[in-house]
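Trainee: I am attaching a structure below and will ask some questions about it afterwards.
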Amino acid sequence: MARLVAKAVSKTYGATKALRRGDLEVEAGEVHVLIGSNGSGKSTLCKIVAGSVRPDSGELLLDGKPVTINDPQEAKTYGIGIFYQELSLAAHRTVAENILLSNLPGGVFVDRKQLVATASRYIALFDGVTGEGFSAGATVEALRPDQRQLVEIMKALSTEAPILIFDEPTSALDRAQVDRFFDILRRLKAEGRSIVFISHRMDEIFALGDRVTVIRDGETVATKRIDETDAAEVIRLMVGGESAGMETAARAPAANKAAAQTVLSVGNLSGVGFHNVSFDLAAGEILGLGGLHGQGQSAVLRALFGASPPSSGSVSLKGEPLDANSPRATIKRGVAYVSGDRRRDGVIAGRPILENVTPIHALKQRLALAAPSSLRDRAKPALEALRTKFAGFGHPISSLSGGNQQKIVIARWLIDRPDVLLLDDPTKGIDLSAKTDLFQLIRKLAAEGMAIVLYSSEDAELLGNADRILVFNGGGVTRELTGADRTAFNLYQAAYEAA
Amino acid sequence: MSAVEGTRKDAGFSPMAALKAPLMVALLLIVLLLALGEYLSPGFASAQQILRLLIVAALMGIVAAGQNLVILGGREGIDLSVGGVVSLAAIIAGNLMSGQDSGILLAVLGCLAAGALIGLINGIGVTLLRIPPLVMTLGMLGVLQGLLVVIRNGIPSGRAAPGLSGFVTQPLFLGLPGIIWLWIAIGLLMAFLLRRTILGYRIYAIGSNEQAAFMAGMPVKTTRILLFVLSGMFAAIAGICLLGYTGSSFANVGEQYMLPSIIAVVFGGTPLSGGKGGYTGTMAGAILLTVLQGILTTVNIDESGRQMVFGATLLLLMLFYGRGQALRT
Amino acid sequence: MSDIAIAPPKTAGHGLKRAIERFPFLPALLILVVLLVLNGLYQPRSVSLVGITGLVKTYLALMLLAVAQTYVVYAGDIDLSAGAIVSLVNVSIITAMDALGGGTSAVLLGLGLGLLVGLACGIVNGIVVAALRLQAIVATFATSIFFTGLALYVLPVAGTPAPTAFWRTYGGRILDIPFVMYAAVLLAVLLLVLARTQLTTRLLAVGDDQQAAYQSGLPVTRIRITGYALAGLFAALAAFCITGDTASGDPLVGGKMTLNSVAAVVLGGTALAGGFGTVTGSVIGALIIGLIGSLVFFVGTPSEWQNLVQGVAILVALMVGILVSRGARR
């Protein structure tokens, strides 16, 4: 009998169906991988099992008995521990306090000795790979991202729960930390614990998993034994029938590129997270930034946009120096920036679509009055170009799906054409059809002469759209791929090369 | 869903949703309270009494306009100094006009400048020095209270000019006193500002998602400073009008507006977290609070009972309005 | 000290940053020392035992109320009814002691009743804010009106005197040491003990990130209610001190103290957003407010200017404290 069963679990947030039909069956003594693209509903399913999200419908069974889990506290008593992707740490508390937060030793008073002793047992599991400054008494605030992730792992482990859920636990960890963590998981599995593991990295999945459940668009589509499947099949299941729509053929380089005028020129640019980055960008060119996630690509784009000004180096736009002091300044000069983190950087949640699509237009045209009808007329072509689906300009943006929200955010830059378009992983967490619409438009804009820098965490998007690819590693450009060199193999190789 | 639609099409009218809208709740409650008041004390809902209540509501409503803007701008926006500004403006205005109509213009300009200056300091403290608004405006309140003592001791307290008193208390046009017209004008102005100007869009954007507003090139800090300046100016206007209402200023006359102005905003449907709501609701909120207080002063109960009922009613009403999100979603 | 460190962190460096992280009240302490020195310069007697005793006697109530406020602020909440609770407890114990004849047992019963009243008020606040999920600023303002109404009901006009035994003890000496000094020491011990409780850690964890605390399995609502209850108890203690100091009942006595308690908390380096701070800092903050008041007096500020100078000084202290601790922690 399966230890944990989730049957037809669903959850809707406003207009967004986060999970349509989540099914999951986990046995004792297995590592069960849960996989699906961003926004497919994996995290929601995990949170429902862990009691922090209330399901709309569906059933949970533990050892065959139906249970209702009302809150995270109750989930713990049922023997379910979880690692939250967004972490659940109290920044000002110490590592030890965080590890044992819901279960501080002692009665009315905290038994500090016991606290440190118990926490140290979990810290010791990662002895040698925790990095500098990591101790039971260190405050979480002072830790690096990978170290925080370790604390969250230790916190999950400290529940000693028979069922452990890890929602993307390795995204910030280095190789040695991941190896150690996997050793621990294998040991726990040998003890008979059930482990649910979410990751996007195929190598991890095949190194660790026993079975894999694939979720697509909020629905569980299949569960396979790892030794009876391969990466290709898993990917096919993840993307479903729509995968055919994904552009894979490399784009032909812009025809008269040699003659094209240089629009953006970046020389030895350095800042937080990147150093000595140089490149020239011509009108009509799509420059790809590649490499593993978080190697400085976003940092460069944000610096060029003025969101976090660079510390040294030069930038010139159409021959004139560009002082990237603030987004306001660069926007006025004709720079546009689309963030992949639309909830943080893009969407003005709760406000109508009209207010979300017009701010750049208002800034560039120095508008003081907002005449809705004329604003609507200006915004319409931009939204049409992206095939944006929405019911009316007066509806709140949050009533739209993620892909359409991102289209609104992108459309705000297109009402008045920028000279340079910086795309910072713009398709993160949006559906395939929206991605297709977006890349069609990007190619069209380039053909019309716009200079575009595209960073994508998906290699296929870079290979399919960029004229050139700068591969980032450790904050610097380690390789430039042009022409026929733009292959998946070269990109992969350059990304994994030691910096 | 069609691909792209040009005209605004609101979602279909739903009576339940309308009932939940803060503005409707406030209006309904106002009517109910007026009926209750009339039942408890015949004459309460007479035209004359309602007009008197409206004048009092206008004073609070004008203070709440600035408070509303600061709260809309988000990031824990709040202005506790408005109480001090109201008192200060009442005193300055009294001293500057000292009972003469000829001094009104100077008094108005002086008070507006003072209110703007105080707001500017608040705004700079909040944005450039990044002091939390509650702390900054609380500290400013202390300064203003001190300043009041200095001014009252130094200069003989002035009186309202007859023109000002008439403006506030005597019918000006269509039987309504000037202050009501002023309040209506402020209401229209605020609605225009928030719905038909880019600045209005910007205020909501900053209150809703400051980071996104920054990334869209909006001048976040300047806008927030402006909100505090406007709050100071609105409080100053209320202070002048208050002088007209009472005839002469007395100690800390404005303190009664400090927290109620916030409650009027909340009752009007603008949550303290900012980014949504508007001034129309706040106007209703101000009237609601005033009518409630009016009933409590009309009925024959002790001050203690009055306060208990007032406090309990406020809590009850708050249950209607934007309760926080549940931990489990 | 609220934040008892577990073990010295292994890494050195950023000495000041670490120190302030551990002891957020350091900037406040510095301001306090400077104020003490200035007070001593202008009025040497003010730093004598008599002077300090007087300061503590007057400001013990504010210190306690600031402590009360701190436990609420720890969790990211605020209590604008703190002063009203002080008033209610003040009139409750005065009336009870008066009705019971004013003897020793009457005083003790009265104090017990006061603690219960404070506790009840705190629990009401907690339920309103945490369980009903009303916005703390406006909700506790509403409860403050309600509590003030209750206070007016218990004692409509100020004036009933406190039993002689009560205020004599508060203002007197035991073994030649002023009673308030014992009270201050007792407070310090109490705060030290409380700092080691589960509750303090849990309140701070809730204030740090409510959602994270909930997801970690903490009973967030219950913790917040307990924070308000604790604040109610400390507000009652503050009321005892006020009553000892003024020796009479006044249904409006605490009203003015609420905002000062918030200012004291902020002066003490506690973040209003929650999750970070110490009760020690709040005690220091209350003393700073007191010392600014006396310094303004000692330097010979004309009486009508005293409030203004005091207000400006407090505003500047608030700003400096926030800027210094932020600058050092970065």
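Going through the structure tokens in order, the chains are called A, B, and so on, while each chain numbers its residues from 1 and the ligands are numbered from 1 in the order shown.
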Go through chain C and flag each residue having an atom no more than 8 Å from chain B; for those, report the closest pair of atoms plus their distance in Å to one decimal, using only C-alpha atoms, ordered by chain and rising number, as JSON lines.

Mentor:
{"residue": "C:Leu132", "atom": "CA", "partner": "B:Arg323", "partner_atom": "CA", "distance": 7.5}
{"residue": "C:Arg133", "atom": "CA", "partner": "B:Gly324", "partner_atom": "CA", "distance": 5.1}
{"residue": "C:Leu134", "atom": "CA", "partner": "B:Arg323", "partner_atom": "CA", "distance": 5.2}
{"residue": "C:Gln135", "atom": "CA", "partner": "B:Gly324", "partner_atom": "CA", "distance": 7.0}
{"residue": "C:Val138", "atom": "CA", "partner": "B:Ile263", "partner_atom": "CA", "distance": 6.3}
{"residue": "C:Ala139", "atom": "CA", "partner": "B:Leu315", "partner_atom": "CA", "distance": 6.3}
{"residue": "C:Phe141", "atom": "CA", "partner": "B:Leu259", "partner_atom": "CA", "distance": 7.5}
{"residue": "C:Ala142", "atom": "CA", "partner": "B:Gly311", "partner_atom": "CA", "distance": 4.7}
{"residue": "C:Thr143", "atom": "CA", "partner": "B:Gly311", "partner_atom": "CA", "distance": 5.8}
{"residue": "C:Ser144", "atom": "CA", "partner": "B:Gly311", "partner_atom": "CA", "distance": 7.4}
{"residue": "C:Ile145", "atom": "CA", "partner": "B:Gly311", "partner_atom": "CA", "distance": 5.0}
{"residue": "C:Phe146", "atom": "CA", "partner": "B:Met308", "partner_atom": "CA", "distance": 4.2}
{"residue": "C:Phe147", "atom": "CA", "partner": "B:Met308", "partner_atom": "CA", "distance": 7.1}
{"residue": "C:Thr148", "atom": "CA", "partner": "B:Gln307", "partner_atom": "CA", "distance": 7.0}
{"residue": "C:Gly149", "atom": "CA", "partner": "B:Ser304", "partner_atom": "CA", "distance": 4.1}
{"residue": "C:Leu150", "atom": "CA", "partner": "B:Ser304", "partner_atom": "CA", "distance": 6.2}
{"residue": "C:Ala151", "atom": "CA", "partner": "B:Ser304", "partner_atom": "CA", "distance": 7.4}
{"residue": "C:Leu152", "atom": "CA", "partner": "B:Ser304", "partner_atom": "CA", "distance": 4.9}
{"residue": "C:Tyr153", "atom": "CA", "partner": "B:Ser304", "partner_atom": "CA", "distance": 5.0}
{"residue": "C:Pro156", "atom": "CA", "partner": "B:Ser304", "partner_atom": "CA", "distance": 7.5}
{"residue": "C:Gln211", "atom": "CA", "partner": "B:Leu327", "partner_atom": "CA", "distance": 6.5}
{"residue": "C:Tyr214", "atom": "CA", "partner": "B:Leu327", "partner_atom": "CA", "distance": 7.0}
{"residue": "C:Leu259", "atom": "CA", "partner": "B:Leu138", "partner_atom": "CA", "distance": 7.4}
{"residue": "C:Ala263", "atom": "CA", "partner": "B:Val135", "partner_atom": "CA", "distance": 7.1}
{"residue": "C:Val266", "atom": "CA", "partner": "B:Val135", "partner_atom": "CA", "distance": 7.5}
{"residue": "C:Glu304", "atom": "CA", "partner": "B:Val150", "partner_atom": "CA", "distance": 5.2}
{"residue": "C:Trp305", "atom": "CA", "partner": "B:Val150", "partner_atom": "CA", "distance": 5.6}
{"residue": "C:Gln306", "atom": "CA", "partner": "B:Gly146", "partner_atom": "CA", "distance": 7.2}
{"residue": "C:Asn307", "atom": "CA", "partner": "B:Gly146", "partner_atom": "CA", "distance": 4.1}
{"residue": "C:Leu308", "atom": "CA", "partner": "B:Gly146", "partner_atom": "CA", "distance": 3.5}
{"residue": "C:Val309", "atom": "CA", "partner": "B:Gly146", "partner_atom": "CA", "distance": 7.2}
{"residue": "C:Gln310", "atom": "CA", "partner": "B:Gly146", "partner_atom": "CA", "distance": 7.5}
{"residue": "C:Gly311", "atom": "CA", "partner": "B:Val143", "partner_atom": "CA", "distance": 4.1}
{"residue": "C:Val312", "atom": "CA", "partner": "B:Val143", "partner_atom": "CA", "distance": 5.3}
{"residue": "C:Ile314", "atom": "CA", "partner": "B:Gly139", "partner_atom": "CA", "distance": 6.7}
{"residue": "C:Leu315", "atom": "CA", "partner": "B:Gly139", "partner_atom": "CA", "distance": 4.6}
{"residue": "C:Leu318", "atom": "CA", "partner": "B:Gly139", "partner_atom": "CA", "distance": 7.5}
{"residue": "C:Met319", "atom": "CA", "partner": "B:Ile131", "partner_atom": "CA", "distance": 6.7}
{"residue": "C:Ile322", "atom": "CA", "partner": "B:Ile131", "partner_atom": "CA", "distance": 7.0}
{"residue": "C:Leu323", "atom": "CA", "partner": "B:Leu129", "partner_atom": "CA", "distance": 7.4}

Trainee: Suppose we keep C-alpha atoms; can you now write the selection as a PDB file, in the first residue's frame?

Mentor:
ATOM      1  CA  LEU C 132     -10.319  38.420  13.217  1.00  0.00           C
ATOM      2  CA  ARG C 133      -7.451  39.703  11.055  1.00  0.00           C
ATOM      3  CA  LEU C 134      -8.250  43.409  11.404  1.00  0.00           C
ATOM      4  CA  GLN C 135      -5.499  45.913  10.652  1.00  0.00           C
ATOM      5  CA  VAL C 138      -7.026  50.919  13.319  1.00  0.00           C
ATOM      6  CA  ALA C 139      -8.290  47.955  15.320  1.00  0.00           C
ATOM      7  CA  PHE C 141      -7.290  52.404  18.056  1.00  0.00           C
ATOM      8  CA  ALA C 142     -10.900  51.228  18.191  1.00  0.00           C
ATOM      9  CA  THR C 143     -10.232  49.066  21.242  1.00  0.00           C
ATOM     10  CA  SER C 144      -8.479  52.027  22.855  1.00  0.00           C
ATOM     11  CA  ILE C 145     -11.700  54.018  22.545  1.00  0.00           C
ATOM     12  CA  PHE C 146     -13.580  51.096  24.047  1.00  0.00           C
ATOM     13  CA  PHE C 147     -11.121  50.719  26.941  1.00  0.00           C
ATOM     14  CA  THR C 148     -11.219  54.459  27.589  1.00  0.00           C
ATOM     15  CA  GLY C 149     -15.003  54.213  27.721  1.00  0.00           C
ATOM     16  CA  LEU C 150     -14.714  51.428  30.266  1.00  0.00           C
ATOM     17  CA  ALA C 151     -12.269  53.507  32.291  1.00  0.00           C
ATOM     18  CA  LEU C 152     -14.698  56.418  32.282  1.00  0.00           C
ATOM     19  CA  TYR C 153     -17.427  54.053  33.391  1.00  0.00           C
ATOM     20  CA  PRO C 156     -15.981  59.129  35.535  1.00  0.00           C
ATOM     21  CA  GLN C 211       3.946  33.212   6.235  1.00  0.00           C
ATOM     22  CA  TYR C 214       3.112  29.514   9.543  1.00  0.00           C
ATOM     23  CA  LEU C 259       2.711  57.194  21.114  1.00  0.00           C
ATOM     24  CA  ALA C 263       8.711  56.081  20.000  1.00  0.00           C
ATOM     25  CA  VAL C 266      11.824  52.581  17.810  1.00  0.00           C
ATOM     26  CA  GLU C 304       7.420  77.734  26.186  1.00  0.00           C
ATOM     27  CA  TRP C 305      10.222  76.395  23.976  1.00  0.00           C
ATOM     28  CA  GLN C 306      10.765  73.207  25.971  1.00  0.00           C
ATOM     29  CA  ASN C 307       8.167  71.107  24.179  1.00  0.00           C
ATOM     30  CA  LEU C 308       9.452  72.123  20.783  1.00  0.00           C
ATOM     31  CA  VAL C 309      13.086  71.446  21.596  1.00  0.00           C
ATOM     32  CA  GLN C 310      12.091  68.152  23.130  1.00  0.00           C
ATOM     33  CA  GLY C 311      10.041  67.202  20.078  1.00  0.00           C
ATOM     34  CA  VAL C 312      12.849  68.058  17.706  1.00  0.00           C
ATOM     35  CA  ILE C 314      13.230  63.074  19.898  1.00  0.00           C
ATOM     36  CA  LEU C 315      12.682  63.251  16.148  1.00  0.00           C
ATOM     37  CA  LEU C 318      14.666  58.565  16.143  1.00  0.00           C
ATOM     38  CA  MET C 319      16.257  59.368  12.811  1.00  0.00           C
ATOM     39  CA  ILE C 322      17.520  54.285  12.524  1.00  0.00           C
ATOM     40  CA  LEU C 323      20.241  55.626  10.257  1.00  0.00           C
TER      41      LEU C 323
END

Trainee: Find the residue from B:Glu255, B:Asp101, B:Glu210, B:Glu38 that sits nearest to Val63 (chain B); use only C-alpha atoms when measuring.

Mentor: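 Using only C-alpha atoms, Val63 (chain B) sits closest to B:Glu255.
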
Trainee: Pick the closest to chain A from B:Ile301, B:Leu292, B:Leu242, B:Ala205: which is it, counting only C-alpha atoms?

Mentor: B:Ala205

Trainee: Please, what distance in Å, to one decimal, runs between CA of Leu230 (chain C) and CA of Val180 (chain C)?

Mentor: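 These two atoms are separated by 21.6 Å.
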
Trainee: For chain A, which residue out of B:Leu72, B:Ala212, B:Leu172, B:Ile180 is the nearest one, using only C-alpha atoms?

Mentor: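 Result for the nearest residue to chain A: B:Ala212.
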
Trainee: Which residue, A:Lys364, A:Lys428, A:Arg112, A:Lys380, has the smallest gap to Thr330 (chain A) when you use only C-alpha atoms?

Mentor: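 Ranked by minimum distance to Thr330 (chain A), first place goes to A:Lys364.
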
Trainee: May I ask you to extract the residues of chain A within 6 Å of chain C, using only C-alpha atoms, and to give them as a VMD selection string?

Mentor: chain A and resid 52 72 to 73 88 90 102 108 to 110 133 137 to 138

Trainee: Keeping only C-alpha atoms, write the selected residues as a PDB file, in the first residue's frame.

Mentor:
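Produced file selection15.pdb, reproduced below:
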ATOM      1  CA  SER A  52      -0.096  25.186   3.881  1.00  0.00           C
ATOM      2  CA  PRO A  72       1.358  22.759   8.478  1.00  0.00           C
ATOM      3  CA  GLN A  73       1.377  21.917  12.169  1.00  0.00           C
ATOM      4  CA  SER A  88      10.532  29.446   5.210  1.00  0.00           C
ATOM      5  CA  ALA A  90      13.225  33.811   9.811  1.00  0.00           C
ATOM      6  CA  SER A 102       8.537  24.726  15.314  1.00  0.00           C
ATOM      7  CA  VAL A 108       8.543  27.402  28.630  1.00  0.00           C
ATOM      8  CA  PHE A 109      12.183  28.322  28.250  1.00  0.00           C
ATOM      9  CA  VAL A 110      14.309  27.467  25.295  1.00  0.00           C
ATOM     10  CA  GLY A 133      30.500  31.686   8.400  1.00  0.00           C
ATOM     11  CA  GLY A 137      24.757  30.753  16.113  1.00  0.00           C
ATOM     12  CA  ALA A 138      25.010  32.632  12.813  1.00  0.00           C
TER      13      ALA A 138
END

Trainee: Do me a favour and pick out the residues of chain A within 8 Å of chain B, using only C-alpha atoms, as a PyMOL selection string.

Mentor: chain A and resi 52-54+71+307+326-329+331+344-351+355+359-360+362-363+367-372+376-377+380+383-384+387-395

Trainee: Export, as a compact mmCIF listing (two decimals), in the first residue's frame, the selected residues with N, CA and C atoms.

Mentor:
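The result, stored in again09.txt:
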# COMPACT_ATOMS: atom_id res chain seq x y z
N SER A 52 -0.12 23.73 3.89
CA SER A 52 -0.10 25.19 3.88
C SER A 52 -0.99 25.79 2.80
N VAL A 53 -1.53 24.94 1.92
CA VAL A 53 -2.51 25.42 0.95
C VAL A 53 -3.75 24.53 1.06
N ARG A 54 -4.91 25.17 1.03
CA ARG A 54 -6.16 24.43 1.15
C ARG A 54 -6.63 24.00 -0.24
N ASP A 71 -3.46 22.33 8.61
CA ASP A 71 -2.39 23.33 8.60
C ASP A 71 -1.04 22.63 8.70
N ALA A 307 18.89 49.54 -13.37
CA ALA A 307 18.19 49.09 -12.16
C ALA A 307 19.17 48.88 -11.02
N SER A 326 19.47 55.12 -13.65
CA SER A 326 18.16 54.67 -13.18
C SER A 326 17.39 54.21 -14.41
N PRO A 327 16.41 53.33 -14.22
CA PRO A 327 15.58 52.92 -15.34
C PRO A 327 14.97 54.14 -16.03
N ARG A 328 14.56 55.13 -15.23
CA ARG A 328 13.94 56.32 -15.81
C ARG A 328 14.85 56.96 -16.84
N ALA A 329 16.14 57.05 -16.50
CA ALA A 329 17.08 57.68 -17.40
C ALA A 329 17.28 56.85 -18.66
N ILE A 331 15.31 54.53 -19.95
CA ILE A 331 14.08 54.43 -20.75
C ILE A 331 13.96 55.64 -21.67
N ARG A 344 7.54 40.45 -9.58
CA ARG A 344 8.33 41.41 -8.82
C ARG A 344 8.55 42.70 -9.61
N ASP A 345 8.97 42.54 -10.87
CA ASP A 345 9.45 43.70 -11.63
C ASP A 345 8.45 44.27 -12.62
N GLY A 346 7.40 43.51 -12.93
CA GLY A 346 6.58 43.94 -14.04
C GLY A 346 5.14 44.28 -13.71
N VAL A 347 4.45 43.32 -13.15
CA VAL A 347 3.00 43.46 -13.00
C VAL A 347 2.64 44.38 -11.84
N ILE A 348 1.79 45.35 -12.13
CA ILE A 348 1.26 46.19 -11.07
C ILE A 348 -0.06 45.53 -10.68
N ALA A 349 0.06 44.60 -9.75
CA ALA A 349 -1.05 43.70 -9.45
C ALA A 349 -2.26 44.48 -8.96
N GLY A 350 -3.43 43.98 -9.28
CA GLY A 350 -4.65 44.61 -8.77
C GLY A 350 -5.06 45.84 -9.57
N ARG A 351 -4.18 46.36 -10.41
CA ARG A 351 -4.53 47.53 -11.21
C ARG A 351 -5.03 47.09 -12.58
N GLU A 355 -3.72 50.62 -16.98
CA GLU A 355 -2.65 51.24 -16.20
C GLU A 355 -1.36 50.43 -16.28
N PRO A 359 2.47 52.86 -18.74
CA PRO A 359 3.41 53.74 -18.04
C PRO A 359 4.58 54.22 -18.89
N ILE A 360 5.10 53.35 -19.76
CA ILE A 360 6.27 53.76 -20.55
C ILE A 360 5.85 54.81 -21.59
N ALA A 362 3.45 56.91 -21.25
CA ALA A 362 3.24 58.16 -20.52
C ALA A 362 4.56 58.85 -20.23
N LEU A 363 5.55 58.06 -19.89
CA LEU A 363 6.87 58.64 -19.58
C LEU A 363 7.51 59.24 -20.82
N LEU A 367 3.30 62.57 -20.71
CA LEU A 367 1.88 62.82 -20.51
C LEU A 367 1.61 63.24 -19.07
N ALA A 368 0.65 64.12 -18.88
CA ALA A 368 0.22 64.49 -17.54
C ALA A 368 -1.19 63.96 -17.31
N LEU A 369 -1.99 64.02 -18.36
CA LEU A 369 -3.37 63.55 -18.24
C LEU A 369 -3.51 62.16 -18.82
N ALA A 370 -4.39 61.39 -18.23
CA ALA A 370 -4.62 60.05 -18.72
C ALA A 370 -6.00 60.01 -19.36
N ALA A 371 -6.03 60.12 -20.66
CA ALA A 371 -7.30 60.02 -21.37
C ALA A 371 -7.47 58.57 -21.80
N PRO A 372 -8.35 57.84 -21.11
CA PRO A 372 -8.42 56.40 -21.33
C PRO A 372 -8.63 56.02 -22.79
N ARG A 376 -6.10 53.77 -24.80
CA ARG A 376 -6.51 52.46 -25.32
C ARG A 376 -6.14 52.32 -26.79
N ASP A 377 -6.37 53.39 -27.54
CA ASP A 377 -6.05 53.34 -28.96
C ASP A 377 -4.56 53.13 -29.20
N LYS A 380 -3.61 49.37 -28.14
CA LYS A 380 -4.22 48.25 -28.85
C LYS A 380 -3.28 47.57 -29.86
N LEU A 383 -0.74 45.35 -28.15
CA LEU A 383 -1.32 44.14 -27.58
C LEU A 383 -1.71 43.15 -28.67
N GLU A 384 -2.18 43.70 -29.80
CA GLU A 384 -2.56 42.83 -30.91
C GLU A 384 -1.34 42.12 -31.47
N ARG A 387 -0.81 39.13 -29.76
CA ARG A 387 -2.00 38.27 -29.64
C ARG A 387 -2.42 38.10 -28.18
N THR A 388 -2.52 39.23 -27.50
CA THR A 388 -2.89 39.20 -26.09
C THR A 388 -4.37 38.95 -25.94
N LYS A 389 -4.71 38.02 -25.05
CA LYS A 389 -6.12 37.74 -24.81
C LYS A 389 -6.56 38.43 -23.53
N PHE A 390 -7.51 39.32 -23.65
CA PHE A 390 -8.05 39.95 -22.43
C PHE A 390 -9.45 40.47 -22.73
N ALA A 391 -10.22 40.62 -21.66
CA ALA A 391 -11.63 40.94 -21.86
C ALA A 391 -11.87 42.44 -21.97
N GLY A 392 -11.02 43.25 -21.39
CA GLY A 392 -11.23 44.69 -21.47
C GLY A 392 -10.15 45.42 -20.70
N PHE A 393 -9.89 46.66 -21.11
CA PHE A 393 -8.80 47.42 -20.50
C PHE A 393 -9.05 47.71 -19.02
N GLY A 394 -10.33 47.67 -18.62
CA GLY A 394 -10.65 48.01 -17.25
C GLY A 394 -10.48 46.86 -16.28
N HIS A 395 -10.24 45.66 -16.80
CA HIS A 395 -10.12 44.51 -15.90
C HIS A 395 -8.75 44.49 -15.25

Trainee: Pick out the closest residue to Gly254 (chain B) from this set: B:Ile124, B:Ala89, B:Met97, B:Ile287. Count only C-alpha atoms.

Mentor: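 Once distances to Gly254 (chain B) are computed over only C-alpha atoms, the minimum belongs to B:Ala89.
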
Trainee: Write out as a VMD selection string the residues lying within 10 Å of region 259-271 of chain A, counting only C-alpha atoms and excluding same-chain residues fewer than 2 positions away.

Mentor: chain A and resid 254 to 257 273 to 285 296 299 to 300 303 to 304 308 to 322 335 419 to 420 449 to 453 475 to 476

Trainee: Looking only at the backbone, which of the residues in region 34-253 of chain B does DSSP tag as strand (DSSP E or B), as a list in words?

Mentor: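 Taking region 34-253 of chain B and keeping strand (DSSP E or B) only, one gets Arg159, Pro171, Leu172, Phe173, Leu176, Pro177, Thr197 and Ser248 of chain B.
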
Trainee: Closest to Arg168 (chain C) among C:Ala120, C:Gly255, C:Leu64, C:Thr104, using only C-alpha atoms?

Mentor: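 That would be C:Thr104, the residue with the smallest distance to Arg168 (chain C).
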